[in-house]
$ cat my_file39.cif   # mmCIF, C-alpha atoms
data_upload
#
loop_
_atom_site.label_atom_id
_atom_site.label_comp_id
_atom_site.auth_asym_id
_atom_site.auth_seq_id
_atom_site.Cartn_x
_atom_site.Cartn_y
_atom_site.Cartn_z
CA MET A 20 -30.59 15.08 -57.71
CA LYS A 21 -32.99 17.87 -57.03
CA ASN A 22 -35.82 15.36 -56.77
CA GLU A 23 -33.97 13.47 -54.09
CA ALA A 24 -33.45 16.60 -52.00
CA ASP A 25 -37.15 17.42 -52.30
CA ILE A 26 -38.13 13.93 -51.14
CA LEU A 27 -35.86 14.12 -48.09
CA LYS A 28 -37.35 17.50 -47.21
CA GLN A 29 -40.87 16.08 -47.54
CA LEU A 30 -39.99 13.14 -45.34
CA GLU A 31 -38.57 15.39 -42.65
CA SER A 32 -41.72 17.49 -42.72
CA HIS A 33 -43.74 14.31 -42.02
CA ARG A 34 -42.05 13.84 -38.65
CA VAL A 35 -44.77 15.30 -36.57
CA LYS A 36 -44.35 15.22 -32.85
CA ALA A 37 -46.87 12.97 -31.12
CA PRO A 38 -49.40 14.69 -28.91
CA ASP A 39 -48.78 14.67 -25.17
CA GLY A 40 -49.93 11.50 -23.37
CA PHE A 41 -50.21 9.55 -26.64
CA THR A 42 -47.95 6.66 -25.51
CA GLN A 43 -49.75 6.28 -22.15
CA ARG A 44 -53.12 6.17 -23.86
CA VAL A 45 -51.99 3.50 -26.33
CA MET A 46 -50.47 1.34 -23.55
CA ALA A 47 -53.59 1.68 -21.42
CA ALA A 48 -55.73 0.56 -24.34
CA LEU A 49 -53.70 -2.66 -24.80
CA PRO A 50 -55.09 -5.84 -23.12
CA ASP A 51 -53.27 -7.26 -20.07
CA ARG A 52 -50.35 -9.59 -20.81
CA PRO A 53 -51.48 -13.17 -20.08
CA LYS A 54 -49.55 -15.08 -17.39
CA LEU A 55 -47.88 -18.15 -19.01
CA THR A 56 -47.47 -21.36 -17.09
CA LEU A 57 -44.27 -23.46 -17.35
CA ARG A 58 -46.13 -25.95 -19.52
CA ASP A 59 -47.15 -23.19 -21.96
CA ARG A 60 -43.58 -21.98 -22.15
CA CYS A 61 -42.31 -25.53 -22.79
CA ALA A 62 -44.95 -26.04 -25.47
CA ASP A 63 -43.58 -23.04 -27.28
CA PHE A 64 -40.08 -24.47 -27.08
CA TRP A 65 -40.84 -27.42 -29.41
CA PRO A 66 -41.34 -26.89 -33.11
CA ALA A 67 -45.00 -27.00 -34.08
CA HIS A 68 -46.80 -29.63 -36.21
CA GLY A 69 -44.89 -32.62 -34.69
CA ARG A 70 -41.75 -31.86 -36.69
CA TRP A 71 -39.69 -32.47 -33.58
CA ILE A 72 -40.66 -36.15 -33.33
CA THR A 73 -38.21 -37.54 -35.91
CA PRO A 74 -35.00 -35.89 -34.61
CA ALA A 75 -36.00 -36.50 -30.98
CA PHE A 76 -36.80 -40.17 -31.68
CA ALA A 77 -33.54 -40.62 -33.60
CA GLY A 78 -31.61 -39.06 -30.72
CA ALA A 79 -33.31 -41.31 -28.20
CA MET A 80 -32.59 -44.39 -30.31
CA ALA A 81 -28.92 -43.40 -30.69
CA ALA A 82 -28.66 -42.95 -26.92
CA LEU A 83 -30.27 -46.35 -26.34
CA LEU A 84 -27.89 -48.00 -28.81
CA VAL A 85 -24.89 -46.47 -27.06
CA VAL A 86 -26.17 -47.65 -23.66
CA PHE A 87 -26.86 -51.20 -24.92
CA GLY A 88 -23.58 -51.29 -26.81
CA LEU A 89 -21.68 -50.37 -23.66
CA ALA A 90 -23.62 -52.90 -21.63
CA LEU A 91 -23.00 -55.71 -24.11
CA PHE A 92 -19.36 -54.91 -24.76
CA LYS A 93 -17.08 -57.28 -22.96
CA PRO A 94 -13.36 -57.19 -23.53
CA ALA A 95 -12.12 -60.49 -24.94
CA ALA A 96 -11.45 -62.75 -22.01
CA GLU A 97 -7.83 -63.69 -21.84
CA THR A 98 -7.60 -67.45 -21.91
CA SER A 99 -4.61 -68.39 -19.91
CA GLN A 100 -2.31 -70.94 -21.46
CA VAL A 101 -0.54 -73.55 -19.44
CA THR A 102 2.45 -75.47 -20.75
CA PHE A 103 1.81 -79.16 -20.38
CA HIS A 104 4.44 -81.87 -20.56
CA PHE A 105 3.40 -84.96 -22.54
CA GLU A 106 5.44 -88.12 -22.34
CA LEU A 107 5.13 -91.64 -23.71
CA HIS A 108 7.42 -94.57 -23.24
CA ALA A 109 7.69 -96.20 -26.67
CA PRO A 110 11.29 -97.41 -27.15
CA GLY A 111 10.71 -99.24 -30.42
CA ALA A 112 8.70 -96.52 -32.13
CA ASP A 113 9.83 -94.45 -35.11
CA ARG A 114 7.32 -91.65 -34.70
CA VAL A 115 4.87 -90.58 -32.00
CA GLU A 116 2.17 -87.99 -32.64
CA LEU A 117 -0.24 -86.28 -30.29
CA LEU A 118 -3.85 -85.66 -31.31
CA GLY A 119 -6.52 -84.11 -29.17
CA THR A 120 -9.31 -81.64 -28.74
CA PHE A 121 -6.73 -78.85 -28.47
CA ASN A 122 -5.61 -79.38 -32.09
CA ASN A 123 -8.97 -80.59 -33.40
CA TRP A 124 -7.56 -84.13 -33.79
CA LYS A 125 -5.20 -83.01 -36.51
CA SER A 126 -2.65 -85.68 -37.34
CA GLY A 127 0.91 -84.54 -37.99
CA ASP A 128 0.35 -81.35 -36.01
CA ILE A 129 2.26 -82.26 -32.83
CA VAL A 130 5.09 -84.76 -33.20
CA LEU A 131 6.86 -85.81 -30.01
CA ALA A 132 10.63 -85.60 -29.78
CA GLY A 133 12.51 -88.78 -29.08
CA PRO A 134 13.21 -91.38 -28.22
CA ASP A 135 15.73 -90.52 -25.53
CA ALA A 136 18.13 -93.10 -24.09
CA SER A 137 15.34 -94.61 -21.98
CA GLY A 138 12.87 -94.76 -24.87
CA HIS A 139 10.74 -91.78 -23.86
CA TRP A 140 9.07 -89.46 -26.34
CA THR A 141 8.21 -85.97 -25.07
CA ALA A 142 6.48 -82.75 -26.10
CA GLU A 143 5.78 -79.47 -24.35
CA VAL A 144 2.47 -78.03 -25.50
CA ALA A 145 0.84 -74.77 -24.46
CA LEU A 146 -2.81 -75.61 -23.77
CA PRO A 147 -5.74 -73.35 -23.00
CA GLU A 148 -7.30 -73.67 -19.56
CA GLY A 149 -10.04 -76.31 -19.49
CA ARG A 150 -10.81 -79.93 -20.14
CA GLN A 151 -8.90 -81.63 -22.92
CA GLU A 152 -8.95 -85.11 -24.47
CA TYR A 153 -5.99 -86.63 -26.26
CA ILE A 154 -4.41 -89.81 -27.58
CA PHE A 155 -0.99 -90.77 -28.92
CA LEU A 156 -0.55 -92.17 -32.42
CA VAL A 157 2.47 -94.43 -32.63
CA ASP A 158 4.03 -95.07 -36.05
CA GLY A 159 0.86 -93.85 -37.76
CA GLU A 160 -1.13 -96.94 -36.85
CA ARG A 161 -1.23 -97.65 -33.11
CA TRP A 162 -3.51 -95.52 -30.91
CA VAL A 163 -2.30 -95.36 -27.32
CA ALA A 164 -3.97 -93.68 -24.33
CA ASP A 165 -1.57 -92.05 -21.90
CA PRO A 166 -0.76 -94.81 -19.39
CA LYS A 167 0.39 -92.23 -16.80
CA ALA A 168 -2.79 -90.18 -16.77
CA ALA A 169 -5.42 -90.64 -14.10
CA THR A 170 -8.59 -90.21 -16.14
CA GLN A 171 -9.60 -91.97 -19.30
CA ARG A 172 -12.79 -91.99 -21.27
CA PRO A 173 -14.24 -94.24 -24.01
CA ASP A 174 -14.06 -92.43 -27.35
CA GLY A 175 -17.12 -94.07 -28.89
CA PHE A 176 -14.97 -95.82 -31.49
CA GLY A 177 -13.79 -98.68 -29.33
CA ARG A 178 -10.72 -96.95 -27.90
CA VAL A 179 -10.10 -94.70 -24.93
CA ASN A 180 -8.93 -91.11 -24.78
CA THR A 181 -7.04 -89.58 -21.92
CA ILE A 182 -8.62 -86.63 -20.12
CA ILE A 183 -6.64 -83.81 -18.60
CA THR A 184 -7.89 -80.70 -16.90
CA VAL A 185 -5.62 -77.78 -17.52
CA TYR A 186 -5.68 -75.01 -14.94
CA ASP A 187 -3.34 -72.43 -13.60
CA ASP A 188 -2.32 -73.70 -10.19
CA GLU A 189 -1.78 -70.14 -8.92
CA ASP A 190 -5.58 -69.63 -9.02
CA ALA A 191 -6.16 -72.64 -6.84
CA ILE A 192 -6.47 -73.02 -3.10
CA HIS A 193 -3.15 -72.77 -1.33
CA GLY A 194 -2.80 -74.40 2.00
CA MET B 17 -13.58 -65.85 -97.19
CA MET B 18 -13.62 -69.62 -97.39
CA MET B 19 -10.60 -69.80 -95.05
CA LYS B 20 -12.31 -67.55 -92.52
CA MET B 21 -15.44 -69.71 -92.52
CA GLN B 22 -13.42 -72.87 -92.04
CA TYR B 23 -11.62 -71.25 -89.12
CA THR B 24 -14.94 -70.23 -87.49
CA VAL B 25 -16.38 -73.73 -87.91
CA LYS B 26 -13.26 -75.22 -86.31
CA ILE B 27 -13.52 -72.87 -83.32
CA CYS B 28 -17.23 -73.64 -82.89
CA THR B 29 -16.65 -77.38 -83.08
CA ALA B 30 -13.85 -77.22 -80.53
CA SER B 31 -16.01 -75.15 -78.19
CA LEU B 32 -18.92 -77.57 -78.54
CA LEU B 33 -16.62 -80.52 -77.85
CA LEU B 34 -15.22 -78.82 -74.77
CA CYS B 35 -18.67 -77.94 -73.45
CA GLY B 36 -19.89 -81.46 -74.11
CA ALA B 37 -16.89 -82.91 -72.30
CA ALA B 38 -17.49 -80.70 -69.33
CA TRP B 39 -21.17 -81.58 -69.29
CA ALA B 40 -20.48 -85.26 -69.49
CA ASN B 41 -17.55 -85.21 -67.03
CA PRO B 42 -18.76 -86.58 -63.71
CA ASP B 43 -15.63 -85.18 -62.00
CA ALA B 44 -16.62 -81.64 -62.90
CA ASP B 45 -20.07 -82.29 -61.50
CA SER B 46 -18.72 -83.86 -58.33
CA SER B 47 -16.20 -81.04 -57.91
CA LYS B 48 -19.15 -78.64 -57.89
CA ALA B 49 -20.88 -80.79 -55.26
CA TRP B 50 -17.76 -80.84 -53.05
CA LYS B 51 -17.45 -77.08 -53.41
CA ALA B 52 -21.07 -76.73 -52.29
CA ARG B 53 -20.38 -78.94 -49.22
CA ARG B 54 -17.34 -76.84 -48.40
CA GLU B 55 -19.38 -73.62 -48.56
CA LYS B 56 -22.12 -75.19 -46.46
CA ASN B 57 -19.67 -76.09 -43.67
CA LEU B 58 -17.85 -72.78 -43.84
CA LYS B 59 -21.19 -71.05 -43.31
CA LEU B 60 -21.51 -72.93 -40.02
CA GLY B 61 -18.46 -71.03 -38.78
CA PHE B 62 -15.75 -73.68 -39.00
CA THR B 63 -12.36 -72.60 -40.28
CA ALA B 64 -11.42 -73.39 -43.88
CA GLU B 65 -8.52 -75.50 -42.60
CA ARG B 66 -10.83 -77.74 -40.54
CA VAL B 67 -13.47 -78.04 -43.25
CA ASP B 68 -10.89 -78.87 -45.92
CA ARG B 69 -9.30 -81.47 -43.66
CA ALA B 70 -12.61 -83.16 -42.84
CA LEU B 71 -13.78 -83.18 -46.45
CA GLY B 72 -10.31 -84.32 -47.57
CA GLU B 73 -10.53 -87.32 -45.21
CA CYS B 74 -13.95 -88.20 -46.63
CA ARG B 75 -12.63 -88.02 -50.18
CA LYS B 76 -9.64 -90.14 -49.18
CA LYS B 77 -12.08 -92.77 -47.92
CA GLY B 78 -13.69 -92.74 -51.37
CA MET B 79 -16.92 -91.19 -50.13
CA THR B 80 -19.13 -89.19 -52.50
CA ALA B 81 -20.26 -85.67 -51.68
CA GLY B 82 -23.71 -87.07 -50.87
CA GLU B 83 -22.30 -89.64 -48.46
CA THR B 84 -20.22 -86.93 -46.80
CA ASP B 85 -23.36 -84.84 -46.39
CA ALA B 86 -25.06 -87.79 -44.72
CA LEU B 87 -22.07 -88.21 -42.38
CA LEU B 88 -22.21 -84.52 -41.43
CA CYS B 89 -25.97 -84.62 -41.01
CA PRO B 90 -25.80 -84.45 -37.16
CA VAL B 91 -23.72 -81.25 -37.49
CA TYR B 92 -26.35 -79.70 -39.77
CA ALA B 93 -29.12 -80.87 -37.43
CA ALA B 94 -27.38 -79.23 -34.47
CA SER B 95 -27.12 -76.00 -36.43
CA ALA B 96 -30.79 -76.15 -37.43
CA GLU B 97 -31.76 -76.63 -33.77
CA SER B 98 -29.49 -73.77 -32.59
CA LEU B 99 -27.31 -76.20 -30.67
CA PRO B 100 -23.53 -75.81 -30.52
CA THR B 101 -22.28 -77.42 -33.74
CA GLU B 102 -18.64 -77.43 -32.60
CA CYS B 103 -19.35 -80.26 -30.19
CA VAL B 104 -20.63 -82.56 -32.96
CA PHE B 105 -18.16 -81.49 -35.63
CA ILE B 106 -15.15 -82.23 -33.42
CA LYS B 107 -16.48 -85.74 -32.77
CA THR B 108 -16.70 -86.28 -36.53
CA GLU B 109 -13.18 -84.91 -36.93
CA GLU B 110 -11.95 -87.31 -34.24
CA GLY B 111 -13.51 -90.30 -35.98
CA LEU B 112 -12.11 -89.28 -39.35
CA ALA B 113 -8.64 -88.71 -37.88
CA LYS B 114 -8.70 -92.13 -36.21
CA GLN B 115 -9.60 -93.72 -39.54
CA VAL B 116 -12.53 -95.63 -38.09
CA ASP B 117 -15.41 -96.99 -40.12
CA THR B 118 -17.75 -94.30 -41.42
CA ALA B 119 -20.76 -95.97 -39.82
CA LEU B 120 -19.04 -95.74 -36.42
CA VAL B 121 -18.24 -92.06 -36.95
CA ALA B 122 -21.85 -91.37 -37.90
CA ALA B 123 -23.12 -93.29 -34.84
CA ALA B 124 -20.76 -91.41 -32.47
CA ALA B 125 -21.81 -88.04 -33.94
CA GLU B 126 -25.48 -89.02 -33.66
CA ALA B 127 -25.00 -90.12 -30.04
CA ARG B 128 -23.36 -86.79 -29.25
CA LEU B 129 -26.22 -84.92 -30.89
CA ASP B 130 -28.69 -86.82 -28.68
CA CYS B 131 -26.70 -85.87 -25.56
CA LEU B 132 -26.57 -82.28 -26.79
CA ARG B 133 -30.35 -82.20 -27.19
CA GLN B 134 -30.85 -83.65 -23.72
CA ALA B 135 -28.40 -81.16 -22.19
CA ASP B 136 -30.07 -78.24 -23.98
CA ARG B 137 -33.49 -79.31 -22.74
CA MET B 138 -32.19 -79.52 -19.18
CA VAL B 139 -30.50 -76.13 -19.21
CA SER B 140 -33.38 -74.49 -21.09
CA ALA B 141 -35.81 -75.79 -18.47
CA VAL B 142 -34.19 -73.46 -15.95
CA ARG B 143 -32.75 -70.76 -18.21
CA GLN B 144 -34.33 -69.51 -21.42
CA GLY B 145 -31.40 -67.65 -23.00
CA ARG B 146 -29.29 -69.34 -25.62
CA GLY B 147 -26.30 -67.01 -25.47
CA GLY B 148 -22.60 -67.84 -25.41
CA GLU B 149 -22.47 -69.05 -21.81
CA HIS B 150 -25.63 -71.11 -22.32
CA GLN B 151 -23.99 -72.88 -25.26
CA HIS B 152 -20.85 -73.57 -23.21
CA LEU B 153 -22.86 -75.03 -20.36
CA VAL B 154 -24.82 -77.18 -22.83
CA MET B 155 -21.59 -78.46 -24.40
CA HIS B 156 -20.05 -79.34 -21.03
CA SER B 157 -23.27 -80.97 -19.84
CA CYS B 158 -23.49 -82.94 -23.09
CA VAL B 159 -19.98 -84.36 -22.65
CA ALA B 160 -20.69 -85.11 -18.97
CA LEU B 161 -23.84 -87.03 -19.93
CA GLU B 162 -21.87 -88.88 -22.60
CA SER B 163 -19.30 -89.84 -19.94
CA GLY B 164 -22.07 -91.39 -17.88
CA LEU B 165 -22.86 -88.68 -15.33
CA PRO B 166 -26.54 -89.30 -14.48
CA ALA B 167 -28.94 -86.65 -15.79
CA GLU B 168 -30.51 -86.38 -12.30
CA VAL B 169 -27.22 -85.11 -10.87
CA LEU B 170 -27.10 -82.32 -13.44
CA GLN B 171 -30.79 -81.55 -13.02
CA ASN B 172 -30.41 -81.24 -9.23
CA ILE B 173 -27.46 -78.91 -9.68
CA PHE B 174 -29.30 -76.71 -12.18
CA ASN B 175 -32.40 -76.56 -10.01
CA ARG B 176 -30.70 -75.85 -6.72
CA PRO B 177 -31.88 -72.68 -5.01
CA GLY B 178 -29.79 -69.54 -5.28
CA GLY B 179 -28.29 -67.73 -8.23
CA PHE B 180 -27.73 -69.48 -11.54
CA ARG B 181 -24.18 -68.58 -12.51
CA TYR B 182 -23.15 -70.08 -15.83
CA GLY B 183 -19.40 -69.82 -15.19
CA ARG B 184 -19.53 -71.60 -11.83
CA LEU B 185 -21.93 -74.24 -13.19
CA ILE B 186 -19.62 -75.00 -16.11
CA HIS B 187 -16.78 -75.61 -13.64
CA VAL B 188 -18.78 -77.98 -11.47
CA VAL B 189 -20.25 -79.86 -14.44
CA GLU B 190 -16.70 -80.44 -15.67
CA ALA B 191 -15.73 -81.52 -12.16
CA GLY B 192 -18.72 -83.87 -12.02
CA GLU B 193 -17.69 -85.53 -15.28
CA THR B 194 -14.10 -86.02 -14.09
CA LEU B 195 -15.30 -87.51 -10.79
CA GLN B 196 -17.68 -89.80 -12.69
CA LEU B 197 -14.81 -91.02 -14.85
CA GLY B 198 -12.73 -91.35 -11.68
CA GLY B 199 -15.24 -93.91 -10.42
CA LEU B 200 -17.04 -91.99 -7.67
CA ASP B 201 -20.64 -92.59 -6.73
CA PRO B 202 -23.15 -90.12 -8.31
CA LYS B 203 -24.51 -89.21 -4.85
CA ASP B 204 -21.00 -88.26 -3.68
CA ILE B 205 -20.34 -86.42 -6.93
CA GLN B 206 -23.42 -84.30 -6.39
CA GLN B 207 -22.30 -83.48 -2.87
CA ILE B 208 -18.91 -82.28 -4.14
CA MET B 209 -20.58 -80.22 -6.90
CA ASN B 210 -22.85 -78.58 -4.32
CA ASP B 211 -19.89 -77.96 -2.00
CA CYS B 212 -18.02 -76.18 -4.80
CA LEU B 213 -21.05 -74.01 -5.59
CA ASP B 214 -21.64 -73.22 -1.91
CA ARG B 215 -18.04 -72.11 -1.58
CA ASP B 216 -18.19 -70.16 -4.85
CA LEU B 217 -14.90 -71.72 -5.96
CA ASN B 218 -13.10 -70.64 -9.11
CA TYR B 219 -11.95 -73.06 -11.81
CA GLY B 220 -8.51 -73.72 -10.36
CA GLU B 221 -9.93 -74.33 -6.90
CA VAL B 222 -12.59 -76.74 -8.17
CA MET B 223 -10.10 -78.72 -10.22
CA ARG B 224 -7.61 -78.91 -7.41
CA ALA B 225 -10.32 -80.33 -5.17
CA VAL B 226 -11.17 -82.85 -7.91
CA ASP B 227 -7.53 -83.90 -8.28
CA PHE B 228 -7.32 -84.37 -4.51
CA ILE B 229 -10.52 -86.46 -4.37
CA ILE B 230 -9.47 -88.70 -7.26
CA ALA B 231 -6.01 -89.26 -5.79
CA GLU B 232 -7.50 -90.14 -2.40
CA HIS B 233 -10.16 -92.36 -4.02
CA ARG B 234 -7.45 -94.22 -5.95
CA SER B 235 -5.50 -94.75 -2.74
CA GLY B 236 -8.52 -96.65 -1.42
CA LYS B 237 -10.02 -94.14 1.02
CA ASP B 238 -13.78 -94.05 1.43
CA PHE B 239 -15.73 -90.95 0.48
CA LYS B 240 -16.57 -89.96 4.06
CA THR B 241 -12.89 -89.83 4.98
CA ILE B 242 -12.01 -87.96 1.80
CA HIS B 243 -14.82 -85.45 2.30
CA SER B 244 -13.97 -84.81 5.93
CA SER B 245 -10.39 -83.90 5.01
CA LEU B 246 -11.22 -82.11 1.75
CA TRP B 247 -12.28 -78.66 2.95
CA VAL B 248 -10.18 -78.57 6.11
CA ARG B 249 -7.48 -76.46 4.50
CA SER B 250 -9.82 -73.98 2.88
CA ASP B 251 -12.47 -73.64 5.62
#
$ encode --input "my_file39.cif" --output "structure tokens"
Amino acid sequence: MKNEADILKQLESHRVKAPDGFTQRVMAALPDRPKLTLRDRCADFWPAHGRWITPAFAGAMAALLVVFGLALFKPAAETSQVTFHFELHAPGADRVELLGTFNNWKSGDIVLAGPDASGHWTAEVALPEGRQEYIFLVDGERWVADPKAATQRPDGFGRVNTIITVYDDEDAIHG
Amino acid sequence: MMMKMQYTVKICTASLLLCGAAWANPDADSSKAWKARREKNLKLGFTAERVDRALGECRKKGMTAGETDALLCPVYAASAESLPTECVFIKTEEGLAKQVDTALVAAAAEARLDCLRQADRMVSAVRQGRGGEHQHLVMHSCVALESGLPAEVLQNIFNRPGGFRYGRLIHVVEAGETLQLGGLDPKDIQQIMNDCLDRDLNYGEVMRAVDFIIAEHRSGKDFKTIHSSLWVRSD
């Protein structure tokens, strides 16, 4: 305890007042402060030894990815569906099916209702906008192109398919 | 001890017999081959329902997995050449659904692949990209060529000065095919296609014009008369 008090006393006795003009002399002896250009200041901003390259490059790449991602992103286009009325006059038939590009030529997928009193078979099918090919299958063995349709096309197998172009009439010219 | 040995021998014998049966069973082997074909087609992006239906039809016809592979060869070729496989696969599906002879199905798929190649060459000559819209334009051009629309008509449309807009081109190619099937002259078809592009018409507008032209053509009017009355309402 006594030792500690002695040490404090010794320390206090070391606080010698600086001679007059000491600070001015020291400051005058120091060299002039160099004037730094903007480039020098910026150089000091980055960490030395190229350690900044990796995080800066990663940041730039992330920014690029975001920009490209936003540029490439397109909301799924809404394909408008149009209900199309199919009809075939087949009074003696037991079953009429509809196969086409819209159902990937799947048999048994769309079966027409009928026959009505006049022998007509009908189906209402929602089709996507665009060009479609189809054919009727009567009683599972007879392939019949739509006799009412305007456009027909050889199917490459010796028969003809009917072509329809489905479009929303509201988009079309009105006059 | 003796009982235990007898039991082990019985188990081993049964296992050997089962393995031998499986090895010798051609059905097991063929089932593996069919599974491999299924995987191969699924990898091309077709739905399991479509692949199973197509392969089911082939099996119903009594075709082997190898024969089915040969039938689907144009589909695989299209995929290898980065052409739209859907276009060829749906033709094969159509043939299988219509129960036509396998040779006819193969020939129709091969013919479609040829048209697809020609269409791709034509579009690629003016546009290098093979993105989604490129594939759509190639598919539509392929079907138009198959329907008999002369390649020169398509080439002239693709090479016409001005912007190359995939969406608008797809519409007019489709219109061109319909007009071709409607019996119009290729020269007149090209004029209509150019008219539609000049007017920057949307799909509905193009198709309404096509419907009008075909109806007038069927009624016996000549092209000059049809054309002179066609744009009156919109101009």
$ resolve_selection --input "my_file39.cif" --expression "the PyMOL selection byres ((chain B and resi 239-247) around 12)" --output "ChimeraX atom specification"
/A:192-194 /B:195,199-205,207-208,211-212,214-215,217,221-222,224-238,248-251
$ residues_around --input "my_file39.cif" --residues "Asn210 of chain B" --least-positions-apart "3" --cutoff "12 Å" --atoms "all atoms listed in the file" --output "list in words"
Val169, Leu170, Asn172, Ile173, Phe174, Asn175, Arg176, Pro177, Gly178, Arg184, Leu185, His187, Val188, Val189, Ala191, Gly192, Lys203, Asp204, Ile205, Gln206, Gln207, Leu213, Asp214, Arg215, Asp216, Leu217 and Val222 of chain B
$ atom_distance --input "my_file39.cif" --atom1 "atom CA of His139 of chain A" --atom2 "atom CA of Pro110 of chain A"
6.5 Å
$ axis_aligned_box --input "my_file39.cif" --around "segment 148-165 of chain A" --padding-each-side "5 Å" --output "lines of an AutoDock Vina configuration file"
center_x = -3.4
center_y = -85.7
center_z = -28.6
size_x = 24.8
size_y = 34.0
size_z = 28.3
$ closest_atom_pairs --input "my_file39.cif" --of "chain A" --to "chain B" --cutoff "12 Å" --atoms "only C-alpha atoms" --output "Markdown table"
| residue | atom | partner | partner_atom | distance |
| --- | --- | --- | --- | --- |
| A:Leu91 | CA | B:Gly147 | CA | 11.9 |
| A:Ser99 | CA | B:Gly220 | CA | 11.6 |
| A:Leu117 | CA | B:Ala113 | CA | 11.6 |
| A:Leu118 | CA | B:Ala113 | CA | 8.7 |
| A:Gly119 | CA | B:Glu110 | CA | 8.1 |
| A:Thr120 | CA | B:Ile106 | CA | 7.5 |
| A:Phe121 | CA | B:Ile106 | CA | 10.3 |
| A:Asn122 | CA | B:Ile106 | CA | 10.0 |
| A:Asn123 | CA | B:Ile106 | CA | 6.4 |
| A:Trp124 | CA | B:Glu110 | CA | 5.4 |
| A:Lys125 | CA | B:Ala113 | CA | 6.8 |
| A:Ser126 | CA | B:Ala113 | CA | 6.7 |
| A:Gly127 | CA | B:Ala113 | CA | 10.4 |
| A:Asp128 | CA | B:Ala113 | CA | 11.8 |
| A:Glu148 | CA | B:Tyr219 | CA | 9.1 |
| A:Gly149 | CA | B:Tyr219 | CA | 8.6 |
| A:Arg150 | CA | B:Glu190 | CA | 7.4 |
| A:Gln151 | CA | B:Glu190 | CA | 10.7 |
| A:Glu152 | CA | B:Glu110 | CA | 10.5 |
| A:Tyr153 | CA | B:Glu110 | CA | 10.0 |
| A:Ile154 | CA | B:Lys114 | CA | 9.9 |
| A:Phe155 | CA | B:Lys114 | CA | 10.7 |
| A:Leu156 | CA | B:Lys114 | CA | 9.0 |
| A:Val157 | CA | B:Lys114 | CA | 12.0 |
| A:Gly159 | CA | B:Lys114 | CA | 9.8 |
| A:Glu160 | CA | B:Lys114 | CA | 9.0 |
| A:Arg161 | CA | B:Lys114 | CA | 9.8 |
| A:Trp162 | CA | B:Lys114 | CA | 8.2 |
| A:Val163 | CA | B:Lys114 | CA | 11.4 |
| A:Ala168 | CA | B:Gly198 | CA | 11.2 |
| A:Ala169 | CA | B:Gly198 | CA | 7.7 |
| A:Thr170 | CA | B:Gly198 | CA | 6.2 |
| A:Gln171 | CA | B:Leu197 | CA | 6.9 |
| A:Arg172 | CA | B:Leu197 | CA | 6.8 |
| A:Pro173 | CA | B:Ser163 | CA | 7.8 |
| A:Asp174 | CA | B:Ala124 | CA | 8.5 |
| A:Gly175 | CA | B:Ala124 | CA | 5.8 |
| A:Phe176 | CA | B:Leu120 | CA | 6.4 |
| A:Gly177 | CA | B:Leu120 | CA | 9.3 |
| A:Arg178 | CA | B:Lys114 | CA | 9.8 |
| A:Val179 | CA | B:Ser163 | CA | 11.5 |
| A:Asn180 | CA | B:Glu110 | CA | 10.6 |
| A:Thr181 | CA | B:Leu197 | CA | 10.6 |
| A:Ile182 | CA | B:Thr194 | CA | 8.2 |
| A:Ile183 | CA | B:Thr194 | CA | 9.0 |
| A:Thr184 | CA | B:Met223 | CA | 7.3 |
| A:Val185 | CA | B:Met223 | CA | 8.6 |
| A:Tyr186 | CA | B:Gly220 | CA | 5.5 |
| A:Asp187 | CA | B:Gly220 | CA | 6.2 |
| A:Asp188 | CA | B:Gly220 | CA | 6.2 |
| A:Glu189 | CA | B:Gly220 | CA | 7.8 |
| A:Asp190 | CA | B:Gly220 | CA | 5.2 |
| A:Ala191 | CA | B:Glu221 | CA | 4.1 |
| A:Ile192 | CA | B:Glu221 | CA | 5.3 |
| A:His193 | CA | B:Ser250 | CA | 8.0 |
| A:Gly194 | CA | B:Arg249 | CA | 5.7 |
$ atom_distance --input "my_file39.cif" --atom1 "atom CA of Val67 of chain B" --atom2 "atom CA of Arg53 of chain B"
9.2 Å
$ atom_distance --input "my_file39.cif" --atom1 "atom CA of Ile186 of chain B" --atom2 "atom CA of Cys158 of chain B"
11.3 Å
$ closest_residue --input "my_file39.cif" --among "B:Ala160, B:Ser47, B:Met209, B:Glu55" --to "Gln134 of chain B" --atoms "only C-alpha atoms"
B:Ala160
$ closest_residue --input "my_file39.cif" --among "B:Thr101, B:Gly61, B:Gly183, B:Leu153" --to "Cys89 of chain B" --atoms "only C-alpha atoms"
B:Thr101
$ resolve_selection --input "my_file39.cif" --expression "the PyMOL selection byres ((chain B and resi 131-133) around 9)" --output "list of chain:residue names"
B:Ala94, B:Glu97, B:Leu99, B:Pro100, B:Cys103, B:Val104, B:Glu126, B:Ala127, B:Arg128, B:Leu129, B:Asp130, B:Gln134, B:Ala135, B:Asp136, B:Arg137, B:Met138, B:Val154, B:Met155, B:Ser157, B:Cys158, B:Val159, B:Ala160, B:Leu161, B:Glu162
